[in-house]
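Q: Just protein06.txt, nothing more (compact mmCIF, C-alpha atoms):
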# COMPACT_ATOMS: atom_id res chain seq x y z
CA MET C 1 19.38 -28.53 -93.29
CA ALA C 2 18.91 -27.56 -96.91
CA PRO C 3 15.73 -29.62 -97.32
CA LEU C 4 14.33 -28.07 -94.16
CA LEU C 5 15.01 -24.56 -95.44
CA ALA C 6 13.55 -25.44 -98.77
CA SER C 7 10.42 -26.82 -97.16
CA LEU C 8 10.06 -23.67 -95.06
CA LEU C 9 10.43 -21.47 -98.11
CA LEU C 10 7.91 -23.55 -99.98
CA ALA C 11 5.46 -23.79 -97.09
CA VAL C 12 1.94 -23.32 -98.34
CA THR C 13 -0.17 -20.94 -96.34
CA LEU C 14 -3.73 -19.90 -96.97
CA ALA C 15 -4.82 -16.62 -95.46
CA PRO C 16 -8.35 -16.72 -94.03
CA GLY C 17 -10.84 -15.57 -96.61
CA SER C 18 -8.61 -16.30 -99.56
CA THR C 19 -10.22 -17.90 -102.57
CA LEU C 20 -8.58 -20.24 -105.02
CA SER C 21 -10.09 -21.31 -108.30
CA VAL C 22 -9.32 -24.41 -110.33
CA ASP C 23 -7.59 -23.64 -113.59
CA PRO C 24 -9.39 -26.00 -116.00
CA ALA C 25 -6.76 -25.62 -118.71
CA THR C 26 -3.99 -27.13 -116.58
CA SER C 27 -6.09 -29.40 -114.36
CA ALA C 28 -7.22 -32.92 -115.03
CA ILE C 29 -9.63 -35.44 -113.58
CA ARG C 30 -9.17 -38.95 -114.91
CA PHE C 31 -11.08 -42.12 -114.24
CA HIS C 32 -10.29 -45.77 -114.81
CA ILE C 33 -12.78 -48.57 -115.27
CA VAL C 34 -12.06 -52.24 -115.75
CA HIS C 35 -13.81 -54.96 -117.72
CA LYS C 36 -12.56 -58.53 -117.97
CA LEU C 37 -11.46 -57.76 -121.54
CA HIS C 38 -10.61 -54.08 -121.35
CA LYS C 39 -9.09 -51.45 -119.14
CA VAL C 40 -10.49 -48.06 -120.00
CA ASP C 41 -9.07 -44.67 -119.10
CA GLY C 42 -11.14 -41.57 -119.47
CA GLN C 43 -11.09 -37.96 -118.45
CA ALA C 44 -13.28 -34.98 -117.84
CA THR C 45 -12.77 -32.35 -120.46
CA GLN C 46 -14.52 -29.65 -118.46
CA LEU C 47 -14.49 -28.97 -114.76
CA GLU C 48 -14.85 -26.14 -112.32
CA GLY C 49 -13.73 -25.89 -108.75
CA ARG C 50 -13.05 -23.47 -105.97
CA ALA C 51 -11.51 -23.55 -102.51
CA VAL C 52 -12.05 -20.98 -99.78
CA SER C 53 -9.98 -20.63 -96.64
CA ARG C 54 -12.22 -19.88 -93.67
CA ASP C 55 -11.76 -18.10 -90.36
CA ASP C 56 -12.24 -21.28 -88.36
CA GLY C 57 -8.99 -22.75 -89.68
CA THR C 58 -10.60 -24.90 -92.32
CA VAL C 59 -10.64 -24.81 -96.07
CA ALA C 60 -13.82 -25.61 -97.95
CA ALA C 61 -13.58 -26.97 -101.47
CA MET C 62 -16.06 -27.72 -104.20
CA VAL C 63 -15.53 -29.30 -107.61
CA ARG C 64 -18.19 -29.83 -110.26
CA VAL C 65 -17.86 -31.80 -113.49
CA PRO C 66 -20.49 -31.94 -116.24
CA LEU C 67 -20.84 -35.64 -116.98
CA ALA C 68 -21.57 -35.03 -120.65
CA THR C 69 -17.92 -33.97 -121.03
CA LEU C 70 -16.46 -37.31 -119.93
CA GLN C 71 -14.50 -38.95 -122.70
CA THR C 72 -12.81 -42.31 -123.06
CA GLY C 73 -11.57 -41.91 -126.62
CA GLU C 74 -14.42 -43.86 -128.17
CA ALA C 75 -17.73 -42.18 -128.88
CA ASN C 76 -19.79 -45.35 -128.68
CA ARG C 77 -18.45 -46.23 -125.24
CA ASP C 78 -18.92 -42.63 -124.10
CA GLN C 79 -22.49 -42.88 -125.23
CA HIS C 80 -23.07 -46.01 -123.17
CA MET C 81 -21.42 -44.32 -120.20
CA LEU C 82 -23.75 -41.34 -120.42
CA GLU C 83 -26.71 -43.68 -120.66
CA ALA C 84 -25.55 -45.59 -117.58
CA LEU C 85 -25.02 -42.34 -115.68
CA GLU C 86 -28.48 -41.09 -116.73
CA VAL C 87 -26.90 -37.81 -117.60
CA GLY C 88 -30.22 -36.26 -118.58
CA LYS C 89 -31.43 -36.61 -114.99
CA TYR C 90 -28.12 -36.14 -113.20
CA PRO C 91 -25.96 -33.91 -115.39
CA PHE C 92 -23.20 -33.18 -112.86
CA VAL C 93 -20.95 -34.92 -110.40
CA VAL C 94 -20.20 -32.65 -107.47
CA PHE C 95 -17.71 -32.99 -104.65
CA LYS C 96 -17.80 -30.80 -101.55
CA GLY C 97 -15.30 -31.18 -98.77
CA VAL C 98 -13.66 -29.51 -95.82
CA ALA C 99 -10.08 -29.90 -94.58
CA ARG C 100 -8.51 -28.59 -91.42
CA LEU C 101 -5.48 -26.36 -91.88
CA GLY C 102 -2.53 -26.10 -89.55
CA PRO C 103 -1.85 -23.11 -87.30
CA GLY C 104 -1.77 -19.86 -89.21
CA GLY C 105 -3.50 -21.41 -92.19
CA ASP C 106 -0.55 -23.62 -93.10
CA LEU C 107 -1.30 -26.62 -95.23
CA PRO C 108 0.29 -29.70 -93.69
CA ALA C 109 3.49 -30.89 -95.32
CA GLY C 110 2.17 -34.44 -95.65
CA PRO C 111 -1.06 -35.73 -97.10
CA LEU C 112 -4.18 -33.76 -96.35
CA THR C 113 -7.64 -35.23 -96.07
CA LEU C 114 -10.71 -33.55 -97.43
CA ASP C 115 -13.75 -34.94 -95.65
CA GLY C 116 -16.86 -34.37 -97.61
CA GLN C 117 -19.49 -35.73 -99.87
CA LEU C 118 -19.65 -36.92 -103.45
CA ASP C 119 -22.91 -36.35 -105.27
CA LEU C 120 -23.08 -38.72 -108.22
CA HIS C 121 -26.09 -40.14 -110.06
CA GLY C 122 -28.41 -38.51 -107.55
CA VAL C 123 -26.76 -40.29 -104.61
CA GLN C 124 -24.80 -38.40 -101.97
CA ARG C 125 -22.23 -40.38 -100.06
CA PRO C 126 -19.53 -39.32 -97.61
CA VAL C 127 -15.98 -39.61 -98.90
CA SER C 128 -12.54 -38.80 -97.57
CA LEU C 129 -10.13 -37.62 -100.22
CA PRO C 130 -6.45 -37.96 -99.44
CA LEU C 131 -4.46 -35.41 -101.37
CA THR C 132 -1.13 -33.70 -101.43
CA VAL C 133 -0.83 -29.99 -102.01
CA ALA C 134 2.30 -28.28 -103.26
CA ARG C 135 3.18 -24.88 -104.61
CA GLY C 136 3.80 -25.07 -108.33
CA GLN C 137 6.54 -23.22 -110.17
CA ASP C 138 4.00 -20.83 -111.66
CA GLY C 139 2.73 -19.88 -108.21
CA GLY C 140 -0.42 -21.98 -108.35
CA LEU C 141 -1.26 -24.66 -105.85
CA ARG C 142 -1.29 -28.18 -107.16
CA ALA C 143 -3.59 -30.67 -105.43
CA LYS C 144 -3.17 -34.30 -106.42
CA GLY C 145 -4.78 -37.47 -105.19
CA SER C 146 -6.95 -40.40 -106.05
CA PHE C 147 -9.83 -42.34 -104.61
CA ASP C 148 -12.13 -45.21 -105.50
CA VAL C 149 -15.83 -45.03 -106.17
CA SER C 150 -18.19 -47.99 -106.04
CA LEU C 151 -20.61 -47.75 -108.95
CA ASP C 152 -23.09 -49.98 -107.14
CA ALA C 153 -23.03 -47.70 -104.11
CA TYR C 154 -24.13 -44.84 -106.36
CA LYS C 155 -26.83 -47.01 -107.92
CA ILE C 156 -25.22 -46.86 -111.36
CA GLU C 157 -26.21 -49.74 -113.57
CA ARG C 158 -22.87 -51.03 -114.72
CA PRO C 159 -22.56 -51.38 -118.52
CA SER C 160 -21.73 -54.83 -119.80
CA LEU C 161 -19.95 -56.37 -122.74
CA LEU C 162 -20.55 -60.00 -123.66
CA PHE C 163 -23.04 -59.91 -120.79
CA VAL C 164 -20.20 -59.37 -118.33
CA LYS C 165 -20.47 -56.15 -116.37
CA ILE C 166 -17.58 -53.79 -115.79
CA ASP C 167 -16.00 -53.93 -112.33
CA ASP C 168 -17.74 -52.11 -109.52
CA GLY C 169 -14.69 -50.05 -108.57
CA CYS C 170 -13.89 -46.91 -110.50
CA ARG C 171 -10.57 -45.25 -109.71
CA ILE C 172 -10.54 -41.46 -109.94
CA ASP C 173 -7.31 -39.48 -110.13
CA PHE C 174 -7.30 -35.74 -109.86
CA ASP C 175 -4.56 -33.25 -110.52
CA LEU C 176 -5.91 -29.78 -109.94
CA VAL C 177 -4.09 -26.49 -110.29
CA LEU C 178 -5.60 -23.76 -108.16
CA ARG C 179 -4.89 -20.08 -108.53
CA GLU C 180 -5.72 -17.11 -106.36
CA GLY C 181 -8.93 -15.30 -107.11
CA GLN C 182 -12.27 -16.11 -108.66
CA LYS C 183 -12.57 -16.93 -112.30
CA MET V 1 -36.43 -65.20 -48.66
CA VAL V 2 -34.68 -67.56 -50.99
CA SER V 3 -30.98 -67.79 -50.45
CA GLY V 4 -28.20 -70.22 -51.01
CA PRO V 5 -27.26 -71.94 -54.27
CA TRP V 6 -30.77 -72.16 -55.74
CA GLY V 7 -31.45 -68.47 -55.36
CA THR V 8 -28.06 -67.61 -56.89
CA ALA V 9 -28.62 -69.97 -59.80
CA VAL V 10 -32.01 -68.46 -60.65
CA VAL V 11 -30.76 -64.88 -60.52
CA LEU V 12 -27.60 -65.69 -62.50
CA PHE V 13 -29.61 -67.44 -65.20
CA VAL V 14 -32.03 -64.57 -65.55
CA CYS V 15 -29.21 -62.05 -65.73
CA LEU V 16 -27.23 -63.99 -68.33
CA ALA V 17 -30.27 -64.67 -70.44
CA GLY V 18 -31.01 -60.96 -70.55
CA PRO V 19 -34.25 -59.20 -71.36
CA GLY V 20 -35.28 -61.78 -73.91
CA SER V 21 -35.88 -64.21 -71.12
CA ALA V 22 -38.77 -62.27 -69.64
CA SER V 23 -41.32 -64.75 -70.91
CA ALA V 24 -39.37 -67.57 -69.27
CA ALA V 25 -39.36 -65.86 -65.88
CA PRO V 26 -42.67 -67.25 -64.54
CA ARG V 27 -41.58 -70.77 -65.42
CA LEU V 28 -38.25 -70.29 -63.62
CA LEU V 29 -40.08 -68.92 -60.65
CA GLU V 30 -42.33 -71.92 -60.51
CA ASP V 31 -39.34 -74.25 -60.84
CA GLU V 32 -37.67 -72.63 -57.89
CA LEU V 33 -40.83 -72.71 -55.87
CA ARG V 34 -41.23 -76.40 -56.50
CA VAL V 35 -37.75 -77.01 -55.12
CA ASP V 36 -38.31 -74.75 -52.17
CA ASP V 37 -41.73 -76.16 -51.46
CA GLU V 38 -40.00 -78.92 -49.66
CA LEU V 39 -38.61 -76.42 -47.20
CA ARG V 40 -40.94 -73.39 -47.25
CA THR V 41 -44.49 -72.47 -48.01
CA PRO V 42 -45.13 -70.68 -51.29
CA GLU V 43 -47.21 -68.00 -49.57
CA LEU V 44 -44.13 -66.83 -47.67
CA VAL V 45 -41.65 -67.18 -50.52
CA ARG V 46 -43.53 -65.76 -53.51
CA PRO V 47 -43.69 -61.98 -52.69
CA ALA V 48 -40.00 -61.74 -51.75
CA LEU V 49 -38.90 -63.86 -54.71
CA LEU V 50 -40.94 -61.79 -57.12
CA LEU V 51 -39.34 -58.62 -55.84
CA ARG V 52 -35.85 -60.05 -56.24
CA LEU V 53 -36.56 -61.42 -59.69
CA GLU V 54 -37.98 -58.12 -60.87
CA GLN V 55 -34.94 -56.27 -59.57
CA HIS V 56 -32.51 -58.57 -61.32
CA MET V 57 -34.38 -58.57 -64.58
CA ARG V 58 -34.32 -54.79 -64.58
CA GLU V 59 -30.56 -54.84 -63.97
CA ALA V 60 -30.02 -57.44 -66.66
CA ARG V 61 -31.97 -55.28 -69.11
CA TYR V 62 -29.53 -52.43 -68.54
CA GLY V 63 -26.46 -54.53 -68.90
CA GLY V 64 -25.73 -55.32 -65.24
CA LEU V 65 -24.68 -58.77 -64.13
CA LEU V 66 -25.19 -59.34 -60.47
CA LEU V 67 -24.96 -62.30 -58.24
CA ALA V 68 -27.41 -62.53 -55.41
CA GLY V 69 -26.41 -60.29 -52.58
CA GLU V 70 -24.23 -57.97 -54.68
CA GLU V 71 -24.88 -54.28 -54.84
CA PRO V 72 -25.92 -52.88 -58.22
CA ALA V 73 -23.16 -51.11 -60.16
CA PRO V 74 -23.28 -47.32 -60.48
CA ALA V 75 -25.39 -46.07 -63.36
CA GLY V 76 -23.68 -45.76 -66.75
CA LYS V 77 -21.08 -48.43 -66.15
CA SER V 78 -21.01 -51.86 -67.67
CA ASP V 79 -18.62 -54.73 -67.50
CA GLY V 80 -19.50 -55.60 -71.06
CA LYS V 81 -20.74 -59.13 -70.33
CA SER V 82 -24.42 -58.52 -70.22
CA ASP V 83 -25.32 -59.52 -73.73
CA GLY V 84 -22.27 -61.39 -74.82
CA LYS V 85 -21.90 -59.08 -77.81
CA SER V 86 -20.06 -56.18 -76.28
CA ASP V 87 -17.13 -54.93 -78.32
CA GLY V 88 -15.57 -53.27 -75.36
CA LYS V 89 -16.63 -49.82 -76.54
CA SER V 90 -20.01 -49.72 -74.93
CA ASP V 91 -18.73 -47.54 -72.12
CA GLN V 92 -17.26 -45.02 -74.56
CA LYS V 93 -18.51 -41.57 -73.75
CA PRO V 94 -20.25 -39.65 -76.52
CA ASP V 95 -17.56 -36.97 -76.53
CA GLN V 96 -14.91 -39.63 -77.28
CA ALA V 97 -16.71 -40.80 -80.44
CA LYS V 98 -15.59 -39.79 -83.93
CA PRO V 99 -16.34 -36.12 -84.52
CA PRO V 100 -19.34 -35.46 -86.72
CA PRO V 101 -18.66 -34.71 -90.39
CA PRO V 102 -18.18 -31.04 -91.20
CA PRO V 103 -21.23 -29.18 -92.43
CA LEU V 104 -21.35 -29.01 -96.20
CA ASP V 105 -24.09 -26.45 -96.59
CA PHE V 106 -21.98 -24.18 -98.77
CA ASP V 107 -22.01 -23.56 -102.49
CA LEU V 108 -18.77 -22.11 -103.80
CA LEU V 109 -19.62 -22.38 -107.49
CA GLY V 110 -23.09 -20.95 -107.74
CA ALA V 111 -25.74 -22.30 -110.05
CA PRO V 112 -24.37 -24.64 -112.69
CA PRO V 113 -24.65 -23.71 -116.35
CA PRO V 114 -27.75 -25.19 -117.94
CA PRO V 115 -26.91 -28.71 -119.11
CA PRO V 116 -27.69 -29.68 -122.68
CA LYS V 117 -31.21 -30.96 -123.24
CA ILE V 118 -31.11 -34.72 -123.20
CA ASP V 119 -34.03 -36.96 -123.99
CA GLU V 120 -33.65 -39.52 -121.21
CA GLY V 121 -36.37 -41.73 -122.70
CA ALA V 122 -34.57 -41.86 -126.03
CA LEU V 123 -31.31 -42.69 -124.25
CA ARG V 124 -32.96 -45.54 -122.38
CA LEU V 125 -34.61 -46.84 -125.55
CA ARG V 126 -31.31 -46.69 -127.39
CA ARG V 127 -29.60 -48.63 -124.64
CA THR V 128 -32.30 -51.30 -124.63
CA MET V 129 -32.23 -51.62 -128.41
CA LEU V 130 -28.45 -51.92 -128.53
CA THR V 131 -28.48 -54.53 -125.76
CA VAL V 132 -30.97 -56.52 -127.83
CA HIS V 133 -28.75 -55.90 -130.87
CA GLN V 134 -25.76 -57.29 -128.99
CA GLY V 135 -27.62 -60.41 -127.83
CA ALA V 136 -29.05 -61.09 -131.29
CA GLY V 137 -25.59 -60.50 -132.75
CA PHE V 138 -24.16 -63.42 -130.77
CA GLY V 139 -27.06 -65.58 -131.91
CA LEU V 140 -26.32 -64.50 -135.47
CA VAL V 141 -22.67 -65.55 -135.20
CA ALA V 142 -23.71 -69.02 -133.99
CA LEU V 143 -26.31 -69.37 -136.73
CA GLN V 144 -23.98 -68.20 -139.45
CA LEU V 145 -21.22 -70.52 -138.30
CA ALA V 146 -23.66 -73.44 -138.42
CA THR V 147 -24.90 -72.36 -141.87
CA THR V 148 -21.35 -72.20 -143.21
CA VAL V 149 -20.36 -75.58 -141.75
CA VAL V 150 -23.48 -77.29 -143.11
CA GLY V 151 -23.01 -75.43 -146.41
CA GLN V 152 -19.47 -76.81 -146.69
CA LEU V 153 -20.79 -80.32 -145.94
CA ASN V 154 -23.46 -79.85 -148.60
CA TYR V 155 -20.89 -78.66 -151.14
CA SER V 156 -18.59 -81.58 -150.35
CA ASP V 157 -21.53 -84.00 -150.65
CA ARG V 158 -22.74 -82.60 -153.96
CA PHE V 159 -19.70 -81.28 -155.82
CA ALA V 160 -16.43 -82.29 -154.19
CA GLY V 161 -16.34 -86.02 -154.73
CA GLY V 162 -19.07 -86.84 -152.25
CA PRO V 163 -21.87 -89.38 -152.75
CA SER V 164 -24.29 -86.54 -153.78
CA THR V 165 -27.04 -87.66 -151.43
CA GLY V 166 -28.35 -84.12 -150.86
CA ARG V 167 -28.88 -84.91 -147.19
CA TYR V 168 -27.54 -81.52 -146.00
CA GLN V 169 -29.57 -79.45 -148.43
CA LEU V 170 -32.68 -78.90 -146.31
CA THR V 171 -30.69 -78.20 -143.13
CA HIS V 172 -28.53 -75.69 -144.99
CA LYS V 173 -31.59 -74.00 -146.45
CA VAL V 174 -33.33 -73.66 -143.07
CA LEU V 175 -30.16 -72.36 -141.40
CA ALA V 176 -29.48 -69.93 -144.26
CA TYR V 177 -32.96 -68.39 -144.13
CA SER V 178 -32.76 -68.19 -140.33
CA THR V 179 -29.39 -66.41 -140.58
CA LEU V 180 -30.77 -63.97 -143.14
CA GLY V 181 -33.80 -63.25 -140.98
CA VAL V 182 -31.79 -62.68 -137.80
CA PHE V 183 -29.24 -60.55 -139.67
CA ALA V 184 -31.92 -58.31 -141.19
CA THR V 185 -33.77 -57.94 -137.88
CA ASP V 186 -30.61 -57.28 -135.91
CA GLY V 187 -29.43 -54.71 -138.43
CA LEU V 188 -32.79 -52.94 -138.33
CA VAL V 189 -32.73 -52.79 -134.52
CA ALA V 190 -29.36 -51.03 -134.66
CA LEU V 191 -30.32 -48.70 -137.50
CA LEU V 192 -33.62 -47.69 -135.90
CA ALA V 193 -32.14 -47.00 -132.46
CA PRO V 194 -32.32 -43.32 -131.44
CA ALA V 195 -29.30 -41.26 -132.46
CA PRO V 196 -26.41 -41.05 -130.01
CA LEU V 197 -25.57 -37.89 -128.10
CA LYS V 198 -22.10 -37.94 -129.62
CA ARG V 199 -21.13 -39.17 -133.03
CA SER V 200 -17.85 -40.95 -133.59
CA GLU V 201 -15.12 -38.70 -134.86
CA GLY V 202 -12.59 -40.39 -137.09
CA PHE V 203 -11.97 -44.08 -137.42
CA ASP V 204 -12.74 -46.12 -134.31
CA ARG V 205 -14.12 -49.52 -133.31
CA VAL V 206 -17.66 -48.58 -134.23
CA THR V 207 -16.56 -47.40 -137.67
CA LEU V 208 -14.85 -50.76 -138.22
CA HIS V 209 -17.96 -52.56 -136.93
CA LYS V 210 -20.16 -50.67 -139.38
CA ILE V 211 -17.84 -51.27 -142.35
CA ALA V 212 -17.64 -54.99 -141.55
CA MET V 213 -21.40 -55.28 -141.11
CA PHE V 214 -22.23 -53.46 -144.33
CA THR V 215 -19.79 -55.85 -146.08
CA ALA V 216 -21.57 -58.76 -144.39
CA ALA V 217 -24.95 -57.34 -145.47
CA ALA V 218 -23.79 -57.27 -149.09
CA GLY V 219 -22.49 -60.82 -148.67
CA MET V 220 -25.78 -62.01 -147.17
CA LEU V 221 -27.75 -60.49 -150.03
CA ALA V 222 -25.45 -62.07 -152.61
CA GLU V 223 -25.61 -65.42 -150.78
CA GLY V 224 -29.41 -65.38 -150.75
CA ILE V 225 -29.66 -64.68 -154.47
CA LEU V 226 -26.79 -66.96 -155.46
CA GLY V 227 -28.08 -69.79 -153.27
CA ALA V 228 -31.49 -69.66 -154.93
CA VAL V 229 -29.92 -69.47 -158.44
CA THR V 230 -27.55 -72.37 -157.64
CA ALA V 231 -30.46 -74.51 -156.43
CA SER V 232 -32.41 -73.71 -159.63
CA ARG V 233 -29.50 -74.86 -161.85
CA GLU V 234 -29.90 -78.52 -160.90
CA GLY V 235 -28.58 -80.64 -163.78
CA TYR V 236 -26.81 -77.73 -165.53
CA LEU V 237 -23.05 -77.64 -166.03
CA ASN V 238 -22.61 -74.25 -164.39
CA GLN V 239 -24.21 -75.34 -161.07
CA GLN V 240 -20.88 -76.38 -159.56
CA GLY V 241 -19.27 -73.08 -160.53
CA LEU V 242 -22.12 -71.13 -158.95
CA ALA V 243 -21.91 -73.31 -155.84
CA THR V 244 -18.19 -72.64 -155.54
CA VAL V 245 -18.74 -68.86 -155.72
CA HIS V 246 -21.60 -69.22 -153.22
CA LEU V 247 -19.25 -71.09 -150.87
CA ALA V 248 -16.50 -68.47 -151.22
CA ILE V 249 -18.90 -65.59 -150.54
CA GLY V 250 -20.21 -67.54 -147.55
CA TYR V 251 -16.74 -67.69 -145.99
CA THR V 252 -16.15 -64.01 -146.78
CA THR V 253 -19.43 -63.06 -145.12
CA LEU V 254 -18.58 -65.13 -142.07
CA ALA V 255 -15.20 -63.40 -141.86
CA ALA V 256 -16.86 -59.98 -142.17
CA VAL V 257 -19.26 -60.78 -139.33
CA ALA V 258 -16.38 -62.06 -137.21
CA VAL V 259 -14.46 -58.82 -137.79
CA GLY V 260 -17.56 -56.75 -137.01
CA VAL V 261 -18.25 -58.53 -133.74
CA GLY V 262 -14.57 -58.73 -132.80
CA ALA V 263 -14.19 -54.98 -133.35
CA LEU V 264 -16.52 -54.32 -130.44
CA ILE V 265 -15.26 -57.10 -128.18
CA PHE V 266 -11.48 -56.85 -128.41
Give the structure from the file, written as structure tokens.

A:
Amino acid sequence: MAPLLASLLLAVTLAPGSTLSVDPATSAIRFHIVHKLHKVDGQATQLEGRAVSRDDGTVAAMVRVPLATLQTGEANRDQHMLEALEVGKYPFVVFKGVARLGPGGDLPAGPLTLDGQLDLHGVQRPVSLPLTVARGQDGGLRAKGSFDVSLDAYKIERPSLLFVKIDDGCRIDFDLVLREGQK
Amino acid sequence: MVSGPWGTAVVLFVCLAGPGSASAAPRLLEDELRVDDELRTPELVRPALLLRLEQHMREARYGGLLLAGEEPAPAGKSDGKSDGKSDGKSDQKPDQAKPPPPPLDFDLLGAPPPPPKIDEGALRLRRTMLTVHQGAGFGLVALQLATTVVGQLNYSDRFAGGPSTGRYQLTHKVLAYSTLGVFATDGLVALLAPAPLKRSEGFDRVTLHKIAMFTAAAGMLAEGILGAVTASREGYLNQQGLATVHLAIGYTTLAAVAVGVGALIF
């Protein structure tokens, strides 16, 4: 009974027309790439995002990351990454997606799926992002999830070391804190 | 009219073969006529047979499979056997299919801030040059290893109790000059590459690589000079001492290159 009450009290509802903005200071987008000799973790040091609840019972979300701000902890590798991503031509990675809310604008208690499109390296491909949304202690909404991106699918020339390319799959984890209003 | 087993066989074959068999239809027709010629005249058989064949080919094209005498199935239905490739979903109505993706013609963030100016050509050139640098670097390691091994053999032959035949001298000289040439070229390729967008901050792998390679460069220079001086001291007492120092610097230089390459690999 207690868990049920707790879940009711913590139920997340989005009123139609409400706007949530990603708080970049407390949010993180991390990526993981794998080479036969190395496993590399990196993160975006800048990002912006917004979600809008709409009258038709859906929520639209958009996140944009400037690729020049990706860091792996080693400047030389970051440099190669920017070269591979052709950051001069394609400076941003952008995700847009739409999720269906429950009755009354309730976010489902379980995982939610954002169906949308990832625009990376000038290639737009449909993606479905599974995520969980929960109300944080500070009142913000916390959306967490992860998904895999195929570098080949986005026509990214994979960097190599010892003439062995990094793996095609790139895991992306996101942990976004959204707050009411536009920033 | 053709009826009986021959008529059924022809129609069944045409239906199973599907639309791709259209070019084979006249031949089938003639085959059947030859059989039926024994019983009927072609003038009587041909118009009716043509009509039937045309009807069944049309049905086969749209996925129907009919035996002679059967009524055609209602439009829009299929038993899924017509082409042998049906996945059982061919009769799925359009409204049962996966809903279309939601429209994404919104922009919640407005125009992005202007990205920093990046010279894409310089980036590409840098990448090409550093790829060449990497490839030449592996060649350098192989060359330097060979130079050091042959140098040790030469030292052992001349100064460490060997027969002093001098048979490794030329090989060592050729390898040493090749190593020097590749090292200088490879270093220049790296130094002349366009500047990176981001410079290293603090001590990292690249810093270690640079320190090791500048040490190796000093070692290479010393080895070149000392090697020439050692060779010129033939018959002098200090030649062995110079050769020993030359050998020691050679191993140090090899170690420096190994550290420099390993810093980027491991």

Q: May I have the residues of chain V within 7 Å of chain C, counting only C-alpha atoms, written as a list of chain:residue names?

A: V:Pro102, V:Leu104, V:Leu108, V:Leu109, V:Pro115, V:Ile118, V:Asp119, V:Glu120, V:Leu123, V:Arg124, V:Arg127, V:Pro196, V:Leu197, V:Lys198, V:Arg199, V:Ser200, V:Asp204, V:Val206, V:Phe266

Q: From the set C:Leu131, C:Ala109, C:Ile156, C:Ile29, which residue has the shortest atom-to-atom contact distance to Gln46 (chain C), counting only C-alpha atoms?

A: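 Closest candidate: C:Ile29.
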
Q: Rounded to one decimal in Å, what is the spacing between CA of Glu201 (chain V) and CA of Phe214 (chain V)?

A: 18.9 Å

Q: In file coordinates, which residues lie within 12 Å of (-31.5, -69.8, -151.7) using all atoms listed in the file, given as a PyMOL selection string?

A: chain V and resi 151+169-170+172-180+220-233+242-243+246

Q: Using only C-alpha atoms, which residue out of C:Thr113, C:Thr72, C:Gln124, C:Ser27 lies closest to Asp173 (chain C)?

A: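 Closest to Asp173 (chain C), using only C-alpha atoms: C:Ser27.
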
Q: Restricting the calculation to only C-alpha atoms, which member of V:Gly260, V:Pro194, V:Gly235, V:Gly166 is positioned closest to Gly121 (chain V)?

A: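 Checking each candidate against Gly121 (chain V), we get V:Pro194 as the closest.
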
Q: Report, in Å with one decimal, the straight-line distance from CA of Val141 (chain V) to CA of Phe183 (chain V).

A: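 Separation of CA of Val141 (chain V) and CA of Phe183 (chain V): 9.4 Å.
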
Q: Select all residues near (-23.5, -45.5, -108.3) (cut-off 9 Å, inclusive, file coordinates), counting only C-alpha atoms, and output them as a compact mmCIF listing (two decimals) with C-alpha atoms, in the frame of the given file.

A:
# COMPACT_ATOMS: atom_id res chain seq x y z
CA LEU C 85 -25.02 -42.34 -115.68
CA LEU C 120 -23.08 -38.72 -108.22
CA HIS C 121 -26.09 -40.14 -110.06
CA GLY C 122 -28.41 -38.51 -107.55
CA VAL C 123 -26.76 -40.29 -104.61
CA VAL C 149 -15.83 -45.03 -106.17
CA SER C 150 -18.19 -47.99 -106.04
CA LEU C 151 -20.61 -47.75 -108.95
CA ASP C 152 -23.09 -49.98 -107.14
CA ALA C 153 -23.03 -47.70 -104.11
CA TYR C 154 -24.13 -44.84 -106.36
CA LYS C 155 -26.83 -47.01 -107.92
CA ILE C 156 -25.22 -46.86 -111.36
CA GLU C 157 -26.21 -49.74 -113.57
CA ARG C 158 -22.87 -51.03 -114.72
CA ASP C 168 -17.74 -52.11 -109.52

Q: Determine the nearest neighbour of Leu254 (chain V) from the options V:Leu145, V:Phe159, V:Ala136, V:Arg167, counting only C-alpha atoms.

A: V:Leu145

Q: Hey, can you check how far CA of Leu237 (chain V) sits from CA of Tyr251 (chain V)?

A: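 One can read the CA of Leu237 (chain V) to CA of Tyr251 (chain V) distance as 23.2 Å.
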
Q: Quick one: residues within 6 Å of region 42-44 of chain C, all atoms listed in the file counted, chain neighbours fewer than 4 positions away excluded, as a compact mmCIF listing (two decimals) with C-alpha atoms, in the coordinates of the input?

A:
# COMPACT_ATOMS: atom_id res chain seq x y z
CA ILE C 29 -9.63 -35.44 -113.58
CA ARG C 30 -9.17 -38.95 -114.91
CA PHE C 31 -11.08 -42.12 -114.24
CA THR C 69 -17.92 -33.97 -121.03
CA LEU C 70 -16.46 -37.31 -119.93
CA GLN C 71 -14.50 -38.95 -122.70
CA THR C 72 -12.81 -42.31 -123.06

Q: Counting all atoms listed in the file, which of V:Val189, V:Leu247, V:Thr128, V:Gly262 gets nearest to Thr147 (chain V)?

A: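 Closest to Thr147 (chain V) of all the choices is V:Leu247.
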
Q: I want to know what sits within 7 Å of Asp119 (chain C), based on only C-alpha atoms, with residues of the same chain fewer than 5 positions away left out; could you give that as a list in words?

A: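 Non-adjacent residues within range: Val93, Val94, Phe95, Gln124 and Arg125 of chain C.
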